[in-house]
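> My structure file my_file21.pdb, PDB, C-alpha atoms, is below:
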ATOM      1  CA  MET A 407     252.208  82.870 229.986  1.00  0.00           C
ATOM      2  CA  LYS A 408     252.816  80.416 232.814  1.00  0.00           C
ATOM      3  CA  THR A 409     249.908  78.207 233.656  1.00  0.00           C
ATOM      4  CA  ALA A 410     248.903  77.946 237.297  1.00  0.00           C
ATOM      5  CA  VAL A 411     247.301  74.552 236.769  1.00  0.00           C
ATOM      6  CA  PRO A 412     249.317  71.883 238.622  1.00  0.00           C
ATOM      7  CA  CYS A 413     250.887  69.356 236.253  1.00  0.00           C
ATOM      8  CA  TYR A 414     252.440  65.949 236.859  1.00  0.00           C
ATOM      9  CA  TYR A 415     254.394  63.529 234.657  1.00  0.00           C
ATOM     10  CA  HIS A 416     255.823  60.077 235.445  1.00  0.00           C
ATOM     11  CA  LEU A 417     258.155  57.937 233.330  1.00  0.00           C
ATOM     12  CA  ASP A 418     259.629  54.501 234.096  1.00  0.00           C
ATOM     13  CA  VAL A 419     262.618  53.627 231.946  1.00  0.00           C
ATOM     14  CA  GLU A 420     265.678  51.385 231.819  1.00  0.00           C
ATOM     15  CA  VAL A 421     268.707  53.634 231.418  1.00  0.00           C
ATOM     16  CA  SER A 422     271.151  53.062 228.582  1.00  0.00           C
ATOM     17  CA  PRO A 423     273.399  55.472 226.670  1.00  0.00           C
ATOM     18  CA  GLU A 424     270.843  55.631 223.844  1.00  0.00           C
ATOM     19  CA  ARG A 425     267.963  56.323 226.201  1.00  0.00           C
ATOM     20  CA  VAL A 426     269.580  59.317 227.930  1.00  0.00           C
ATOM     21  CA  GLY A 427     268.978  61.603 224.945  1.00  0.00           C
ATOM     22  CA  GLN A 428     265.551  60.110 224.315  1.00  0.00           C
ATOM     23  CA  VAL A 429     264.412  60.712 227.897  1.00  0.00           C
ATOM     24  CA  SER A 430     265.821  64.234 227.741  1.00  0.00           C
ATOM     25  CA  ARG A 431     263.741  65.004 224.655  1.00  0.00           C
ATOM     26  CA  ILE A 432     260.613  63.540 226.295  1.00  0.00           C
ATOM     27  CA  LEU A 433     261.064  65.764 229.365  1.00  0.00           C
ATOM     28  CA  ALA A 434     261.657  68.800 227.149  1.00  0.00           C
ATOM     29  CA  ALA A 435     258.480  68.064 225.175  1.00  0.00           C
ATOM     30  CA  HIS A 436     256.413  67.959 228.376  1.00  0.00           C
ATOM     31  CA  LEU A 437     257.899  71.217 229.616  1.00  0.00           C
ATOM     32  CA  ARG A 438     257.079  72.904 226.316  1.00  0.00           C
ATOM     33  CA  TYR A 439     253.559  71.491 226.475  1.00  0.00           C
ATOM     34  CA  TRP A 440     253.210  72.986 229.972  1.00  0.00           C
ATOM     35  CA  ASP A 441     254.461  76.323 228.549  1.00  0.00           C
ATOM     36  CA  LEU A 442     257.687  76.178 230.575  1.00  0.00           C
ATOM     37  CA  GLU A 443     260.134  76.762 227.728  1.00  0.00           C
ATOM     38  CA  THR A 444     262.612  78.639 229.938  1.00  0.00           C
ATOM     39  CA  LEU A 445     263.005  75.631 232.256  1.00  0.00           C
ATOM     40  CA  VAL A 446     263.822  73.142 229.479  1.00  0.00           C
ATOM     41  CA  GLU A 447     267.613  73.524 229.464  1.00  0.00           C
ATOM     42  CA  PRO A 448     268.230  73.395 233.244  1.00  0.00           C
ATOM     43  CA  VAL A 449     265.967  70.369 233.623  1.00  0.00           C
ATOM     44  CA  ARG A 450     267.481  68.576 230.632  1.00  0.00           C
ATOM     45  CA  ASN A 451     271.017  69.194 231.880  1.00  0.00           C
ATOM     46  CA  GLY A 452     270.272  67.976 235.399  1.00  0.00           C
ATOM     47  CA  ALA A 453     268.342  64.907 234.245  1.00  0.00           C
ATOM     48  CA  GLU A 454     270.991  63.969 231.665  1.00  0.00           C
ATOM     49  CA  MET A 455     273.761  64.203 234.247  1.00  0.00           C
ATOM     50  CA  LEU A 456     271.848  61.992 236.676  1.00  0.00           C
ATOM     51  CA  LEU A 457     270.944  59.447 234.002  1.00  0.00           C
ATOM     52  CA  ARG A 458     274.538  59.211 232.726  1.00  0.00           C
ATOM     53  CA  ALA A 459     275.861  58.764 236.272  1.00  0.00           C
ATOM     54  CA  ILE A 460     273.287  56.083 237.017  1.00  0.00           C
ATOM     55  CA  ASP A 461     274.076  54.346 233.714  1.00  0.00           C
ATOM     56  CA  GLU A 462     277.788  54.395 234.535  1.00  0.00           C
ATOM     57  CA  HIS A 463     277.675  53.317 238.191  1.00  0.00           C
ATOM     58  CA  ALA A 464     274.432  51.431 238.872  1.00  0.00           C
ATOM     59  CA  THR A 465     273.869  47.710 238.494  1.00  0.00           C
ATOM     60  CA  ASP A 466     270.066  48.039 238.373  1.00  0.00           C
ATOM     61  CA  LYS A 467     269.354  50.471 235.549  1.00  0.00           C
ATOM     62  CA  ASN A 468     265.566  50.749 236.066  1.00  0.00           C
ATOM     63  CA  ILE A 469     264.599  54.239 237.159  1.00  0.00           C
ATOM     64  CA  SER A 470     261.537  56.414 237.588  1.00  0.00           C
ATOM     65  CA  ILE A 471     261.434  60.069 236.633  1.00  0.00           C
ATOM     66  CA  GLU A 472     258.727  62.410 237.879  1.00  0.00           C
ATOM     67  CA  MET A 473     258.068  66.080 237.254  1.00  0.00           C
ATOM     68  CA  TRP A 474     255.661  68.271 239.252  1.00  0.00           C
ATOM     69  CA  TRP A 475     254.700  71.828 238.321  1.00  0.00           C
ATOM     70  CA  ASN A 476     252.745  73.703 241.003  1.00  0.00           C
ATOM     71  CA  GLY A 477     252.523  77.069 239.282  1.00  0.00           C
ATOM     72  CA  GLN A 478     255.752  78.443 240.795  1.00  0.00           C
ATOM     73  CA  HIS A 479     258.245  75.580 241.031  1.00  0.00           C
ATOM     74  CA  LEU A 480     259.089  72.624 238.847  1.00  0.00           C
ATOM     75  CA  ILE A 481     260.403  69.647 240.790  1.00  0.00           C
ATOM     76  CA  THR A 482     262.168  66.870 238.904  1.00  0.00           C
ATOM     77  CA  ALA A 483     262.860  63.626 240.762  1.00  0.00           C
ATOM     78  CA  VAL A 484     264.877  60.604 239.628  1.00  0.00           C
ATOM     79  CA  GLY A 485     264.460  57.419 241.634  1.00  0.00           C
ATOM     80  CA  ASP A 486     266.665  54.384 241.174  1.00  0.00           C
ATOM     81  CA  ASN A 487     266.394  50.831 242.499  1.00  0.00           C
ATOM     82  CA  ASP A 488     270.101  50.190 243.111  1.00  0.00           C
ATOM     83  CA  ARG A 489     270.812  49.863 246.841  1.00  0.00           C
ATOM     84  CA  ALA A 490     274.578  49.754 246.268  1.00  0.00           C
ATOM     85  CA  LEU A 491     274.735  53.113 244.443  1.00  0.00           C
ATOM     86  CA  ARG A 492     275.759  55.770 246.948  1.00  0.00           C
ATOM     87  CA  PRO A 493     275.188  59.448 246.196  1.00  0.00           C
ATOM     88  CA  ASP A 494     278.071  60.531 248.417  1.00  0.00           C
ATOM     89  CA  HIS A 495     280.595  58.519 246.353  1.00  0.00           C
ATOM     90  CA  GLU A 496     279.601  57.775 242.762  1.00  0.00           C
ATOM     91  CA  LEU A 497     277.234  60.706 242.242  1.00  0.00           C
ATOM     92  CA  ARG A 498     279.201  63.411 244.061  1.00  0.00           C
ATOM     93  CA  ALA A 499     280.244  65.400 240.946  1.00  0.00           C
ATOM     94  CA  CYS A 500     276.757  65.128 239.474  1.00  0.00           C
ATOM     95  CA  LEU A 501     275.106  66.368 242.674  1.00  0.00           C
ATOM     96  CA  ARG A 502     277.587  69.241 242.942  1.00  0.00           C
ATOM     97  CA  HIS A 503     276.599  70.407 239.451  1.00  0.00           C
ATOM     98  CA  ILE A 504     272.878  70.045 240.222  1.00  0.00           C
ATOM     99  CA  ALA A 505     273.319  72.104 243.389  1.00  0.00           C
ATOM    100  CA  LEU A 506     274.936  74.896 241.370  1.00  0.00           C
ATOM    101  CA  VAL A 507     272.287  75.139 238.645  1.00  0.00           C
ATOM    102  CA  SER A 508     269.070  74.461 240.584  1.00  0.00           C
ATOM    103  CA  ASP A 509     267.122  76.455 243.135  1.00  0.00           C
ATOM    104  CA  GLY A 510     266.889  73.502 245.496  1.00  0.00           C
ATOM    105  CA  TRP A 511     267.872  69.842 245.539  1.00  0.00           C
ATOM    106  CA  GLY A 512     267.997  66.832 247.796  1.00  0.00           C
ATOM    107  CA  CYS A 513     268.364  63.102 248.135  1.00  0.00           C
ATOM    108  CA  CYS A 514     266.241  60.816 250.269  1.00  0.00           C
ATOM    109  CA  ALA A 515     265.976  57.099 250.876  1.00  0.00           C
ATOM    110  CA  THR A 516     262.810  55.112 250.261  1.00  0.00           C
ATOM    111  CA  GLU A 517     261.360  52.278 252.325  1.00  0.00           C
ATOM    112  CA  SER A 518     262.733  49.727 249.842  1.00  0.00           C
ATOM    113  CA  GLY A 519     266.303  50.979 250.338  1.00  0.00           C
ATOM    114  CA  SER A 520     266.571  52.791 247.035  1.00  0.00           C
ATOM    115  CA  LYS A 521     266.956  56.543 246.726  1.00  0.00           C
ATOM    116  CA  VAL A 522     265.321  59.539 245.096  1.00  0.00           C
ATOM    117  CA  ILE A 523     267.342  62.524 243.928  1.00  0.00           C
ATOM    118  CA  TRP A 524     265.325  65.649 243.213  1.00  0.00           C
ATOM    119  CA  PHE A 525     265.966  69.206 242.134  1.00  0.00           C
ATOM    120  CA  SER A 526     263.719  72.208 241.675  1.00  0.00           C
ATOM    121  CA  GLN A 527     263.598  75.133 239.294  1.00  0.00           C
ATOM    122  CA  ARG A 528     261.614  78.275 240.009  1.00  0.00           C
ATOM    123  CA  ALA A 529     259.816  80.224 237.318  1.00  0.00           C
ATOM    124  CA  ARG A 530     261.344  83.672 237.563  1.00  0.00           C
ATOM    125  CA  ALA A 531     259.032  86.614 238.209  1.00  0.00           C
ATOM    126  CA  GLY A 532     260.162  88.376 235.016  1.00  0.00           C
ATOM    127  CA  GLU A 533     259.011  85.446 232.898  1.00  0.00           C
ATOM    128  CA  ARG A 534     255.386  85.638 233.937  1.00  0.00           C
ATOM    129  CA  ALA A 535     252.776  87.588 232.061  1.00  0.00           C
ATOM    130  CA  PRO A 536     252.015  90.898 233.781  1.00  0.00           C
ATOM    131  CA  LEU A 537     248.723  91.193 235.567  1.00  0.00           C
ATOM    132  CA  VAL A 538     246.335  93.641 233.952  1.00  0.00           C
ATOM    133  CA  PRO A 539     244.063  95.522 236.358  1.00  0.00           C
ATOM    134  CA  THR A 540     240.401  95.278 235.504  1.00  0.00           C
ATOM    135  CA  ALA A 541     237.972  98.130 235.858  1.00  0.00           C
ATOM    136  CA  PRO A 542     235.261  97.566 238.456  1.00  0.00           C
ATOM    137  CA  ALA A 543     231.954  96.503 236.972  1.00  0.00           C
ATOM    138  CA  PRO A 544     228.920  98.641 237.835  1.00  0.00           C
ATOM    139  CA  SER A 545     226.603  97.091 240.346  1.00  0.00           C
ATOM    140  CA  LEU A 546     223.096  96.234 239.244  1.00  0.00           C
ATOM    141  CA  ARG A 547     221.709  96.405 242.765  1.00  0.00           C
ATOM    142  CA  GLU A 548     220.207  99.532 244.234  1.00  0.00           C
ATOM    143  CA  ALA A 549     222.003 101.101 247.114  1.00  0.00           C
ATOM    144  CA  ARG A 550     220.195 101.273 250.421  1.00  0.00           C
ATOM    145  CA  GLY A 551     219.434 104.630 251.864  1.00  0.00           C
ATOM    146  CA  VAL A 552     220.784 105.985 255.116  1.00  0.00           C
ATOM    147  CA  PRO A 553     218.606 104.957 258.070  1.00  0.00           C
ATOM    148  CA  ARG A 554     216.253 107.698 259.221  1.00  0.00           C
ATOM    149  CA  ASP A 555     216.691 109.241 262.608  1.00  0.00           C
ATOM    150  CA  VAL A 556     214.280 107.621 265.037  1.00  0.00           C
ATOM    151  CA  PRO A 557     213.228 109.780 267.983  1.00  0.00           C
ATOM    152  CA  ALA A 558     214.187 108.283 271.345  1.00  0.00           C
ATOM    153  CA  THR A 559     210.595 108.502 272.565  1.00  0.00           C
ATOM    154  CA  ALA A 560     209.511 106.089 269.857  1.00  0.00           C
ATOM    155  CA  VAL A 561     211.720 103.356 271.264  1.00  0.00           C
ATOM    156  CA  ALA A 562     209.641 101.145 273.560  1.00  0.00           C
ATOM    157  CA  PRO A 563     211.012 100.360 277.047  1.00  0.00           C
ATOM    158  CA  ALA A 564     212.467  96.906 277.581  1.00  0.00           C
ATOM    159  CA  ALA A 565     210.082  94.282 278.916  1.00  0.00           C
ATOM    160  CA  GLY A 566     209.858  94.152 282.685  1.00  0.00           C
ATOM    161  CA  ILE A 567     211.306  97.626 283.294  1.00  0.00           C
ATOM    162  CA  ARG A 568     208.937 100.214 284.716  1.00  0.00           C
ATOM    163  CA  ASP A 569     208.882 103.821 283.631  1.00  0.00           C
ATOM    164  CA  GLY A 570     211.121 105.978 285.763  1.00  0.00           C
ATOM    165  CA  VAL A 571     213.227 103.149 287.247  1.00  0.00           C
ATOM    166  CA  LEU A 572     216.316 104.363 285.479  1.00  0.00           C
ATOM    167  CA  GLU A 573     215.661 107.903 286.709  1.00  0.00           C
ATOM    168  CA  GLU A 574     215.511 106.658 290.276  1.00  0.00           C
ATOM    169  CA  ALA A 575     218.815 104.790 289.871  1.00  0.00           C
ATOM    170  CA  ARG A 576     220.678 108.016 289.043  1.00  0.00           C
TER     171      ARG A 576
END
What would the structure in this file look like if it were written as structure tokens?


Amino acid sequence: MKTAVPCYYHLDVEVSPERVGQVSRILAAHLRYWDLETLVEPVRNGAEMLLRAIDEHATDKNISIEMWWNGQHLITAVGDNDRALRPDHELRACLRHIALVSDGWGCCATESGSKVIWFSQRARAGERAPLVPTAPAPSLREARGVPRDVPATAVAPAAGIRDGVLEEAR
């Protein structure tokens, strides 16, 4: 069953060929802990591709990885510190693959000049536990009765209005 509790994970790491697999296993472990087993493979594939591309092309190998689960979507973001690494050149093949396998993706610049590449995966409706209707619980309060008919003569005239004034106005 998918949990609706929002979850967040952050990891700072220096990318190297040995660390790519290690980071992938760490992300997979968090997804399993969050009961998101079906999202493990797409997230691992996308993160591994980004990490390998950053390892191959970047001069500054320090990155941050974040994952957010909001109950419907899992967003994975990889932020690097290399201002010279351009997504439209070095990361083009990687981003093309991410666009094909994810529900949404994007790249944005930060104030420091670095960039963040993110992609999202949606938990499919068929993967959720079905909702079970609950029977209504009986009420412990007593129901109020229908108001009794009150004769019109019992209603007092409004203050300041004399008897018969309304008759004269007709």

> Within 12 Å of Pro423 of chain A, counting only C-alpha atoms, which residues show up once you throw out same-chain ones fewer than 6 positions away? Write them as a list in words, please.

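So, after excluding close chain neighbours, the residues are Val429, Ser430, Glu454, Met455, Leu457, Arg458, Ala459, Ile460, Asp461, Glu462 and Lys467 of chain A.
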
> Provide the atom CA of Val507 of chain A to atom CA of Leu442 of chain A distance in Å, to one decimal place.

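Computed distance, atom CA of Val507 of chain A to atom CA of Leu442 of chain A, equals 16.7 Å.
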
> So what do you get for atom CA of Arg489 of chain A versus atom CA of Glu517 of chain A, distance-wise?

11.2 Å

> Which distance in Å separates atom CA of Trp440 of chain A and atom CA of Arg425 of chain A, to one decimal?

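The value is 22.6 Å.
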
> Using all atoms listed in the file, find the one residue out of A:Gln428, A:Ser526, A:Asn468, A:Thr516 that sits nearest to Val449 of chain A.

A:Ser526

> Hey, what comes out of the PyMOL selection byres ((chain A and resi 473) around 12) on this file? Could you write it as a ChimeraX atom specification?

/A:412-417,432-434,436-437,440,445-446,449-450,453,470-472,474-476,479-485,523-527

> Around segment 469-487 of chain A, fit a box with edges along x, y and z, padding it by 6 Å on each side, then list its centre and edge lengths in Å to one decimal as lines of an AutoDock Vina configuration file.


center_x = 259.6
center_y = 64.6
center_z = 239.6
size_x = 26.1
size_y = 39.6
size_z = 17.9

> Given the choices A:Val419, A:Ile469, A:Val426, A:Ala435, which gets closest to Ser520 of chain A if the distance is worked out from all atoms listed in the file?

A:Ile469
